[in-house]
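Engineer: The structure follows.
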2 protein chains.
Amino acid sequence: MSLVVVGSVAYDGVETPHGRVERMLGGAATYIALAASYFTQVRVVAVVGDDFAQADTDLLASRGIDLEGLERVHGKTFFWSGKYSDDMNDRVTLATELNVFANFQPKLPESYRNARYLLLVNIQPSLQRNVREQMKHVRLAGGDTMNFWISDFREELLETIKRWDFLLINDHEARMLSRETNLRKAAAKILDMGPHTLVIKRGEFGAILFRRDSYFIVPGYLLENVFDPTGAGDCFAGGFIGYLAEHGFSLEGDHVSRGMLSRAVIYGSVMGSFCCERFGVERFRTLTREEIDARFEEFRKFTSF
Amino acid sequence: MSLVVVGSVAYDGVETPHGRVERMLGGAATYIALAASYFTQVRVVAVVGDDFAQADTDLLASRGIDLEGLERVHGKTFFWSGKYSDDMNDRVTLATELNVFANFQPKLPESYRNARYLLLVNIQPSLQRNVREQMKHVRLAGGDTMNFWISDFREELLETIKRWDFLLINDHEARMLSRETNLRKAAAKILDMGPHTLVIKRGEFGAILFRRDSYFIVPGYLLENVFDPTGAGDCFAGGFIGYLAEHGFSLEGDHVSRGMLSRAVIYGSVMGSFCCERFGVERFRTLTREEIDARFEEFRKFTSF
């Protein structure tokens, strides 16, 4: 069943210990759409400028991604650049040029409105809420956010996530949002804010899925070479929601859905791990569903006892 | 089958955000012996001063721990004190008074020499080697070390671990020892140094067991309250080797041993998690094997998919 992804399509400049790329396709919605496209039909809502290259449109289209909601306006595409530390666990932002993204007002094409799955990527909470309200037939809606919205737009954010089924954030954001240091206590508080499912991403250490009555933890995949971690968290989100959309996840039949959510977390981890193997979105030019399923089985092998 | 543990028995002063204890029973060998005592007969080789309290001897004895190798000499017992950061991921050492431990020369009682399992805790590598050579019938021998021995006694340490079956270290130590940042590459290098099994402890993020042809990862247990992390890594070691000794682990029959090693890592994690629930060794005054086995099953529940 189809998935609508609302967020940024951008150009990135990235430097890691393995090299440097001045300008390449990036943006959270791009990574999510590419990752999710291995599982389900993806429809993107984003904005780009008139510098957006045909080759980049072609890459997205080659994965069957619906670009009717990819608005083109006069100006330059959102540009971000950053540099990673030697162990790649930290990065500094060198440039953030919002350009056409500064005035992004998500517009849902008519054909998107009946989609059953919705992922609202890190944008202003009121915009996220507005899109959620336009999607009347959604079975599962959620998204992520970031420290800026948590600290400076707290009330607006709380109002927004009230109507979300799931929230995907990292451990630092979970602590900020809940005002609790301990992750179990933080999760319990966040589940009281609305979402029935919380996924806390922990970078190289994996992820935790929390529900009211249970939790599931997956360790991170041990890559032998991490070339570029940019987009890994977004690919996690794409694999997670993509798998749920592929299998028609629904809250009815909760005994079934629990296992499905755990497997979705594994597929998220699998997609995040592939993302790091090349710069930017490069890995998605050759990645196959067979490789994805093989790595899923690898997770089973190194976590079973 | 019985396990010989060689290392420090000490007094600790600890401050965490949950409180402060001026002086309590501690030391790596103490934590390891207590944790392992739930699985197998433990025999301790250590040294204490004449200030070592009868109540502390009694606690160890109450867990059936053989104290024939606990040497008492004139002087004061090793004392360490430290203070943890707010999130308890860092600590500063406030005092290290080696006292009688400064001249520790492990003496193996005759009755210990035929033990099949041996754990050599962080002491000078040449002392570790000396003990290893005295134990002729050992089925599984290994231990841990620390940054100081890795940097300043490297050759001596390499000579020592050549004859070890397993090495238990944390991720930082693994990177120092191997001179590799990436953990998979680090592990491959360390397995070339002698041990057939490497366990890398990652604190709250769990542990990884590496062998030449496979690896196994367990995430950390999510405690709702961490009172005092002191000794958690040692309790991990005690649970790990204790479980292997209980089940008579042997390298012969490798298909059997792989699953056993994974379960040993889980029992190690279980023991480390209980350790943090109270100050010092307090948790071991009430902990039962039933609680341990129940938490083992909890690990299965939150990691299976």
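Letters A, B, ... mark the chains of the structure tokens in the order given; residue numbers begin at 1 per chain; ligand numbers begin at 1, in order shown.
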Where in region 82-234 of chain B does DSSP assign helix (DSSP H, G or I), given as a compact mmCIF listing (two decimals) with N, CA and C atoms, in the first residue's frame?

Structural biologist:
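File produced: part19.txt:
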```
# COMPACT_ATOMS: atom_id res chain seq x y z
N ASN B 99 48.17 -0.11 48.48
CA ASN B 99 48.44 -0.78 49.77
C ASN B 99 49.02 -2.19 49.56
N VAL B 100 48.45 -3.19 50.18
CA VAL B 100 49.03 -4.54 50.08
C VAL B 100 48.98 -5.12 48.67
N PHE B 101 48.12 -4.55 47.82
CA PHE B 101 47.97 -5.04 46.44
C PHE B 101 49.21 -4.69 45.60
N ALA B 102 49.98 -3.69 46.04
CA ALA B 102 51.16 -3.25 45.29
C ALA B 102 52.16 -4.38 45.10
N ASN B 103 52.23 -5.27 46.08
CA ASN B 103 53.21 -6.36 46.00
C ASN B 103 52.55 -7.72 45.80
N GLU B 110 47.51 -25.58 46.46
CA GLU B 110 47.61 -26.88 45.78
C GLU B 110 46.24 -27.34 45.26
N SER B 111 45.22 -27.10 46.07
CA SER B 111 43.87 -27.58 45.72
C SER B 111 43.26 -26.84 44.52
N TYR B 112 43.88 -25.73 44.11
CA TYR B 112 43.34 -24.95 42.98
C TYR B 112 43.93 -25.41 41.63
N PRO B 125 50.66 -8.16 33.33
CA PRO B 125 50.62 -9.32 32.42
C PRO B 125 51.57 -10.45 32.80
N SER B 126 52.75 -10.13 33.32
CA SER B 126 53.69 -11.21 33.66
C SER B 126 53.17 -12.05 34.82
N LEU B 127 52.43 -11.43 35.72
CA LEU B 127 51.82 -12.19 36.81
C LEU B 127 50.72 -13.09 36.27
N GLN B 128 49.94 -12.54 35.31
CA GLN B 128 48.89 -13.34 34.69
C GLN B 128 49.51 -14.57 34.01
N ARG B 129 50.64 -14.33 33.31
CA ARG B 129 51.28 -15.42 32.58
C ARG B 129 51.79 -16.50 33.54
N ASN B 130 52.35 -16.02 34.62
CA ASN B 130 52.89 -16.94 35.61
C ASN B 130 51.81 -17.88 36.16
N VAL B 131 50.65 -17.33 36.45
CA VAL B 131 49.56 -18.17 36.97
C VAL B 131 49.10 -19.15 35.90
N ARG B 132 48.95 -18.64 34.68
CA ARG B 132 48.50 -19.51 33.58
C ARG B 132 49.41 -20.74 33.46
N GLU B 133 50.71 -20.52 33.61
CA GLU B 133 51.67 -21.61 33.42
C GLU B 133 51.60 -22.65 34.53
N GLN B 134 51.10 -22.22 35.69
CA GLN B 134 50.99 -23.16 36.80
C GLN B 134 49.74 -24.05 36.72
N ASN B 147 43.99 -0.14 29.77
CA ASN B 147 44.78 0.78 28.94
C ASN B 147 46.24 0.89 29.37
N PHE B 148 46.50 0.92 30.67
CA PHE B 148 47.87 1.06 31.17
C PHE B 148 48.77 -0.07 30.70
N TRP B 149 48.31 -1.32 30.79
CA TRP B 149 49.12 -2.46 30.35
C TRP B 149 49.25 -2.48 28.83
N ILE B 150 48.19 -2.05 28.15
CA ILE B 150 48.23 -2.05 26.68
C ILE B 150 49.26 -1.05 26.18
N SER B 151 49.31 0.13 26.80
CA SER B 151 50.23 1.15 26.30
C SER B 151 51.66 0.97 26.83
N ASP B 152 51.81 0.63 28.11
CA ASP B 152 53.15 0.62 28.70
C ASP B 152 53.79 -0.76 28.83
N ARG B 154 53.08 -3.42 26.45
CA ARG B 154 52.50 -4.06 25.28
C ARG B 154 53.11 -5.44 24.95
N GLU B 155 54.44 -5.50 24.89
CA GLU B 155 55.08 -6.76 24.50
C GLU B 155 54.79 -7.87 25.51
N GLU B 156 54.87 -7.48 26.78
CA GLU B 156 54.59 -8.44 27.85
C GLU B 156 53.14 -8.93 27.76
N LEU B 157 52.24 -8.01 27.47
CA LEU B 157 50.82 -8.37 27.35
C LEU B 157 50.60 -9.31 26.16
N LEU B 158 51.22 -8.99 25.02
CA LEU B 158 51.05 -9.83 23.82
C LEU B 158 51.56 -11.25 24.09
N GLU B 159 52.67 -11.33 24.82
CA GLU B 159 53.25 -12.64 25.17
C GLU B 159 52.26 -13.42 26.05
N THR B 160 51.58 -12.70 26.92
CA THR B 160 50.64 -13.32 27.86
C THR B 160 49.39 -13.84 27.18
N ILE B 161 48.77 -13.00 26.35
CA ILE B 161 47.48 -13.40 25.77
C ILE B 161 47.63 -14.45 24.67
N ASP B 171 35.44 -1.62 24.30
CA ASP B 171 35.68 -1.19 22.92
C ASP B 171 36.90 -0.27 22.81
N HIS B 172 37.08 0.58 23.78
CA HIS B 172 38.23 1.48 23.77
C HIS B 172 39.54 0.67 23.84
N GLU B 173 39.58 -0.31 24.73
CA GLU B 173 40.77 -1.15 24.87
C GLU B 173 41.02 -1.97 23.60
N ALA B 174 39.94 -2.43 22.98
CA ALA B 174 40.09 -3.22 21.74
C ALA B 174 40.73 -2.37 20.65
N ARG B 175 40.32 -1.11 20.59
CA ARG B 175 40.89 -0.20 19.58
C ARG B 175 42.37 0.08 19.89
N MET B 176 42.68 0.27 21.17
CA MET B 176 44.08 0.51 21.56
C MET B 176 44.96 -0.69 21.24
N LEU B 177 44.48 -1.86 21.61
CA LEU B 177 45.28 -3.07 21.45
C LEU B 177 45.52 -3.40 19.98
N SER B 178 44.49 -3.22 19.16
CA SER B 178 44.59 -3.59 17.74
C SER B 178 45.12 -2.46 16.87
N LEU B 183 35.56 -1.85 14.70
CA LEU B 183 35.55 -2.97 15.63
C LEU B 183 35.72 -4.34 14.96
N ARG B 184 35.17 -4.49 13.76
CA ARG B 184 35.33 -5.79 13.08
C ARG B 184 36.78 -6.03 12.72
N LYS B 185 37.44 -4.98 12.22
CA LYS B 185 38.85 -5.10 11.88
C LYS B 185 39.69 -5.29 13.14
N ALA B 186 39.33 -4.54 14.19
CA ALA B 186 40.04 -4.67 15.46
C ALA B 186 39.95 -6.10 15.97
N ALA B 187 38.75 -6.66 15.90
CA ALA B 187 38.55 -8.02 16.39
C ALA B 187 39.39 -9.02 15.60
N ALA B 188 39.42 -8.87 14.29
CA ALA B 188 40.19 -9.80 13.46
C ALA B 188 41.67 -9.77 13.86
N LYS B 189 42.17 -8.58 14.11
CA LYS B 189 43.59 -8.46 14.51
C LYS B 189 43.83 -9.11 15.87
N ILE B 190 42.91 -8.89 16.79
CA ILE B 190 43.10 -9.44 18.14
C ILE B 190 43.03 -10.96 18.13
N LEU B 191 42.13 -11.51 17.29
CA LEU B 191 42.03 -12.98 17.21
C LEU B 191 43.30 -13.58 16.61
N GLY B 203 29.55 -1.38 27.67
CA GLY B 203 28.81 -0.68 28.71
C GLY B 203 27.30 -0.79 28.49
N GLU B 204 26.60 0.32 28.55
CA GLU B 204 25.13 0.28 28.44
C GLU B 204 24.66 -0.23 27.08
N PHE B 205 25.57 -0.30 26.10
CA PHE B 205 25.17 -0.76 24.77
C PHE B 205 25.38 -2.25 24.56
N ALA B 232 30.08 -3.64 37.10
CA ALA B 232 29.18 -4.26 36.11
C ALA B 232 29.97 -5.07 35.08
N GLY B 233 31.09 -4.52 34.62
CA GLY B 233 31.91 -5.25 33.64
C GLY B 233 32.50 -6.52 34.24
N ASP B 234 32.86 -6.46 35.51
CA ASP B 234 33.39 -7.65 36.18
C ASP B 234 32.30 -8.70 36.37
```

Engineer: Please provide as a list in words all residues within 10 Å of Leu98 (chain B), with the sequence filter that same-chain residues fewer than 3 positions apart are discarded (counting only C-alpha atoms).

Structural biologist: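 Once the adjacent positions are removed, what remains is Ser8, Ala10, Lys76, Thr77, Phe78, Phe79, Trp80, Ala95, Phe101, Ala102, Asn103 and Phe104 of chain B.
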
Engineer: Write the residues of the preceding selection, restricted to C-alpha atoms, as a PDB file, in the first residue's frame.

Structural biologist:
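That gives us again.pdb:
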```
ATOM      1  CA  SER B   8      41.803  -7.704  43.329  1.00  0.00           C
ATOM      2  CA  ALA B  10      39.357  -4.230  47.650  1.00  0.00           C
ATOM      3  CA  LYS B  76      45.842  -2.074  54.491  1.00  0.00           C
ATOM      4  CA  THR B  77      43.563  -3.494  51.794  1.00  0.00           C
ATOM      5  CA  PHE B  78      43.589  -1.942  48.303  1.00  0.00           C
ATOM      6  CA  PHE B  79      41.311   1.134  48.296  1.00  0.00           C
ATOM      7  CA  TRP B  80      39.785   2.877  45.297  1.00  0.00           C
ATOM      8  CA  ALA B  95      41.860   7.894  45.081  1.00  0.00           C
ATOM      9  CA  PHE B 101      47.974  -5.041  46.444  1.00  0.00           C
ATOM     10  CA  ALA B 102      51.155  -3.245  45.289  1.00  0.00           C
ATOM     11  CA  ASN B 103      53.210  -6.364  45.998  1.00  0.00           C
ATOM     12  CA  PHE B 104      50.594  -8.929  45.022  1.00  0.00           C
TER      13      PHE B 104
END
```

Engineer: Write out as a ChimeraX atom specification every residue belonging to chain A that has an atom at most 8 Å from any atom of chain B, counting only C-alpha atoms.

Structural biologist: /A:87,181-185,205,214-219,222-225,259,262-263,300-305

Engineer: Please provide as a PyMOL selection string all residues within 10 Å of Leu251 (chain B), with the sequence filter that same-chain residues fewer than 6 positions apart are discarded (counting only C-alpha atoms).

Structural biologist: chain B and resi 139-140+165+196+257-258

Engineer: Taking the backbone alone, and naming residues the way the document does, which bits of region 41-181 of chain B are strand (DSSP E or B) by DSSP, as an mmCIF file with N, CA, C and O atoms, in the first residue's frame?

Structural biologist:
```cif
data_model
loop_
_atom_site.group_PDB
_atom_site.id
_atom_site.type_symbol
_atom_site.label_atom_id
_atom_site.label_comp_id
_atom_site.auth_asym_id
_atom_site.auth_seq_id
_atom_site.Cartn_x
_atom_site.Cartn_y
_atom_site.Cartn_z
ATOM 1 N N VAL B 42 33.665 -21.412 42.800
ATOM 2 C CA VAL B 42 34.664 -20.383 42.512
ATOM 3 C C VAL B 42 35.763 -20.417 43.574
ATOM 4 O O VAL B 42 35.475 -20.522 44.774
ATOM 5 N N ARG B 43 37.012 -20.320 43.130
ATOM 6 C CA ARG B 43 38.160 -20.284 44.053
ATOM 7 C C ARG B 43 38.932 -18.986 43.783
ATOM 8 O O ARG B 43 39.347 -18.745 42.662
ATOM 9 N N VAL B 44 39.101 -18.198 44.822
ATOM 10 C CA VAL B 44 39.696 -16.868 44.647
ATOM 11 C C VAL B 44 41.165 -16.843 45.036
ATOM 12 O O VAL B 44 41.561 -17.427 46.045
ATOM 13 N N VAL B 45 41.974 -16.147 44.210
ATOM 14 C CA VAL B 45 43.361 -15.844 44.567
ATOM 15 C C VAL B 45 43.480 -14.321 44.618
ATOM 16 O O VAL B 45 43.312 -13.646 43.589
ATOM 17 N N ALA B 46 43.727 -13.800 45.815
ATOM 18 C CA ALA B 46 43.819 -12.341 45.984
ATOM 19 C C ALA B 46 44.546 -12.055 47.281
ATOM 20 O O ALA B 46 44.906 -12.990 48.018
ATOM 21 N N VAL B 47 44.772 -10.774 47.545
ATOM 22 C CA VAL B 47 45.429 -10.407 48.793
ATOM 23 C C VAL B 47 44.652 -9.270 49.474
ATOM 24 O O VAL B 47 44.182 -8.350 48.799
ATOM 25 N N VAL B 48 44.513 -9.377 50.788
ATOM 26 C CA VAL B 48 43.876 -8.290 51.549
ATOM 27 C C VAL B 48 44.754 -7.961 52.760
ATOM 28 O O VAL B 48 45.641 -8.742 53.122
ATOM 29 N N ASP B 66 35.426 -20.379 47.601
ATOM 30 C CA ASP B 66 36.600 -20.933 48.264
ATOM 31 C C ASP B 66 37.614 -19.811 48.481
ATOM 32 O O ASP B 66 38.075 -19.186 47.518
ATOM 33 N N LEU B 67 37.969 -19.562 49.736
ATOM 34 C CA LEU B 67 38.854 -18.439 50.061
ATOM 35 C C LEU B 67 40.247 -18.898 50.520
ATOM 36 O O LEU B 67 41.007 -18.111 51.082
ATOM 37 N N GLU B 68 40.574 -20.155 50.232
ATOM 38 C CA GLU B 68 41.896 -20.637 50.643
ATOM 39 C C GLU B 68 43.002 -19.779 50.023
ATOM 40 O O GLU B 68 44.050 -19.562 50.633
ATOM 41 N N GLY B 69 42.761 -19.284 48.806
ATOM 42 C CA GLY B 69 43.763 -18.469 48.120
ATOM 43 C C GLY B 69 43.679 -16.982 48.441
ATOM 44 O O GLY B 69 44.358 -16.168 47.808
ATOM 45 N N LEU B 70 42.845 -16.617 49.408
ATOM 46 C CA LEU B 70 42.752 -15.201 49.800
ATOM 47 C C LEU B 70 43.796 -14.939 50.871
ATOM 48 O O LEU B 70 43.597 -15.229 52.059
ATOM 49 N N GLU B 71 44.933 -14.403 50.453
ATOM 50 C CA GLU B 71 46.062 -14.194 51.335
ATOM 51 C C GLU B 71 45.841 -12.946 52.208
ATOM 52 O O GLU B 71 45.348 -11.934 51.723
ATOM 53 N N ARG B 72 46.202 -13.040 53.453
ATOM 54 C CA ARG B 72 46.103 -11.884 54.355
ATOM 55 C C ARG B 72 47.515 -11.479 54.741
ATOM 56 O O ARG B 72 48.267 -12.301 55.256
ATOM 57 N N PHE B 79 42.470 0.243 48.221
ATOM 58 C CA PHE B 79 41.311 1.134 48.296
ATOM 59 C C PHE B 79 41.222 1.983 47.039
ATOM 60 O O PHE B 79 42.203 2.574 46.588
ATOM 61 N N TRP B 80 40.022 2.030 46.477
ATOM 62 C CA TRP B 80 39.785 2.877 45.297
ATOM 63 C C TRP B 80 38.541 3.706 45.556
ATOM 64 O O TRP B 80 37.574 3.224 46.162
ATOM 65 N N SER B 81 38.556 4.975 45.106
ATOM 66 C CA SER B 81 37.300 5.715 45.164
ATOM 67 C C SER B 81 37.121 6.553 43.908
ATOM 68 O O SER B 81 38.099 6.988 43.280
ATOM 69 N N GLY B 82 35.869 6.726 43.540
ATOM 70 C CA GLY B 82 35.566 7.448 42.311
ATOM 71 C C GLY B 82 34.191 8.078 42.363
ATOM 72 O O GLY B 82 33.367 7.762 43.226
ATOM 73 N N LYS B 83 33.991 8.999 41.424
ATOM 74 C CA LYS B 83 32.715 9.716 41.358
ATOM 75 C C LYS B 83 32.190 9.648 39.925
ATOM 76 O O LYS B 83 32.932 9.937 38.976
ATOM 77 N N TYR B 84 30.930 9.284 39.782
ATOM 78 C CA TYR B 84 30.322 9.155 38.460
ATOM 79 C C TYR B 84 29.673 10.454 37.997
ATOM 80 O O TYR B 84 29.194 11.243 38.816
ATOM 81 N N ARG B 91 33.422 8.454 34.763
ATOM 82 C CA ARG B 91 33.727 8.567 36.184
ATOM 83 C C ARG B 91 35.141 9.099 36.335
ATOM 84 O O ARG B 91 35.983 8.913 35.457
ATOM 85 N N VAL B 92 35.352 9.796 37.444
ATOM 86 C CA VAL B 92 36.713 10.225 37.761
ATOM 87 C C VAL B 92 37.170 9.462 38.993
ATOM 88 O O VAL B 92 36.383 9.206 39.910
ATOM 89 N N THR B 93 38.444 9.080 38.956
ATOM 90 C CA THR B 93 39.031 8.387 40.097
ATOM 91 C C THR B 93 39.478 9.438 41.107
ATOM 92 O O THR B 93 40.174 10.390 40.755
ATOM 93 N N LEU B 94 39.038 9.296 42.335
ATOM 94 C CA LEU B 94 39.417 10.252 43.371
ATOM 95 C C LEU B 94 40.626 9.748 44.165
ATOM 96 O O LEU B 94 41.446 10.535 44.614
ATOM 97 N N ALA B 95 40.725 8.450 44.333
ATOM 98 C CA ALA B 95 41.860 7.894 45.081
ATOM 99 C C ALA B 95 42.147 6.471 44.631
ATOM 100 O O ALA B 95 41.216 5.706 44.344
ATOM 101 N N THR B 96 43.419 6.135 44.525
ATOM 102 C CA THR B 96 43.846 4.753 44.293
ATOM 103 C C THR B 96 44.978 4.475 45.273
ATOM 104 O O THR B 96 46.087 4.969 45.100
ATOM 105 N N GLU B 97 44.671 3.742 46.314
ATOM 106 C CA GLU B 97 45.702 3.385 47.295
ATOM 107 C C GLU B 97 45.937 1.894 47.186
ATOM 108 O O GLU B 97 45.158 1.089 47.699
ATOM 109 N N TYR B 117 38.842 -24.075 34.722
ATOM 110 C CA TYR B 117 38.523 -22.746 34.201
ATOM 111 C C TYR B 117 39.314 -21.695 34.971
ATOM 112 O O TYR B 117 39.438 -21.785 36.194
ATOM 113 N N LEU B 118 39.826 -20.732 34.237
ATOM 114 C CA LEU B 118 40.709 -19.738 34.853
ATOM 115 C C LEU B 118 40.414 -18.351 34.305
ATOM 116 O O LEU B 118 40.389 -18.133 33.093
ATOM 117 N N LEU B 119 40.185 -17.414 35.206
ATOM 118 C CA LEU B 119 39.957 -16.025 34.805
ATOM 119 C C LEU B 119 40.999 -15.133 35.477
ATOM 120 O O LEU B 119 41.056 -15.050 36.712
ATOM 121 N N LEU B 120 41.813 -14.509 34.645
ATOM 122 C CA LEU B 120 42.910 -13.673 35.131
ATOM 123 C C LEU B 120 42.525 -12.211 34.986
ATOM 124 O O LEU B 120 42.524 -11.645 33.890
ATOM 125 N N LEU B 140 39.806 -23.831 29.722
ATOM 126 C CA LEU B 140 39.498 -22.507 29.186
ATOM 127 C C LEU B 140 40.134 -21.452 30.097
ATOM 128 O O LEU B 140 39.804 -21.368 31.276
ATOM 129 N N ALA B 141 41.064 -20.693 29.519
ATOM 130 C CA ALA B 141 41.745 -19.662 30.310
ATOM 131 C C ALA B 141 41.680 -18.332 29.575
ATOM 132 O O ALA B 141 41.803 -18.274 28.352
ATOM 133 N N GLY B 142 41.479 -17.281 30.331
ATOM 134 C CA GLY B 142 41.445 -15.965 29.703
ATOM 135 C C GLY B 142 41.370 -14.902 30.758
ATOM 136 O O GLY B 142 41.511 -15.184 31.958
ATOM 137 N N GLY B 143 41.150 -13.667 30.320
ATOM 138 C CA GLY B 143 41.084 -12.596 31.290
ATOM 139 C C GLY B 143 40.867 -11.258 30.651
ATOM 140 O O GLY B 143 40.507 -11.161 29.470
ATOM 141 N N PHE B 166 40.423 -16.817 25.678
ATOM 142 C CA PHE B 166 39.517 -15.682 25.453
ATOM 143 C C PHE B 166 40.063 -14.424 26.105
ATOM 144 O O PHE B 166 40.839 -14.482 27.073
ATOM 145 N N LEU B 167 39.661 -13.305 25.548
ATOM 146 C CA LEU B 167 40.024 -11.998 26.079
ATOM 147 C C LEU B 167 38.737 -11.190 26.200
ATOM 148 O O LEU B 167 37.911 -11.178 25.280
ATOM 149 N N LEU B 168 38.570 -10.557 27.361
ATOM 150 C CA LEU B 168 37.385 -9.732 27.639
ATOM 151 C C LEU B 168 37.844 -8.288 27.812
ATOM 152 O O LEU B 168 38.496 -7.974 28.816
ATOM 153 N N ILE B 169 37.525 -7.406 26.878
ATOM 154 C CA ILE B 169 37.944 -6.013 27.023
ATOM 155 C C ILE B 169 36.818 -5.089 26.568
ATOM 156 O O ILE B 169 35.828 -5.548 25.995
ATOM 157 N N ASN B 170 36.972 -3.794 26.811
ATOM 158 C CA ASN B 170 35.948 -2.883 26.309
ATOM 159 C C ASN B 170 36.347 -2.347 24.929
ATOM 160 O O ASN B 170 37.444 -2.630 24.434
#
```
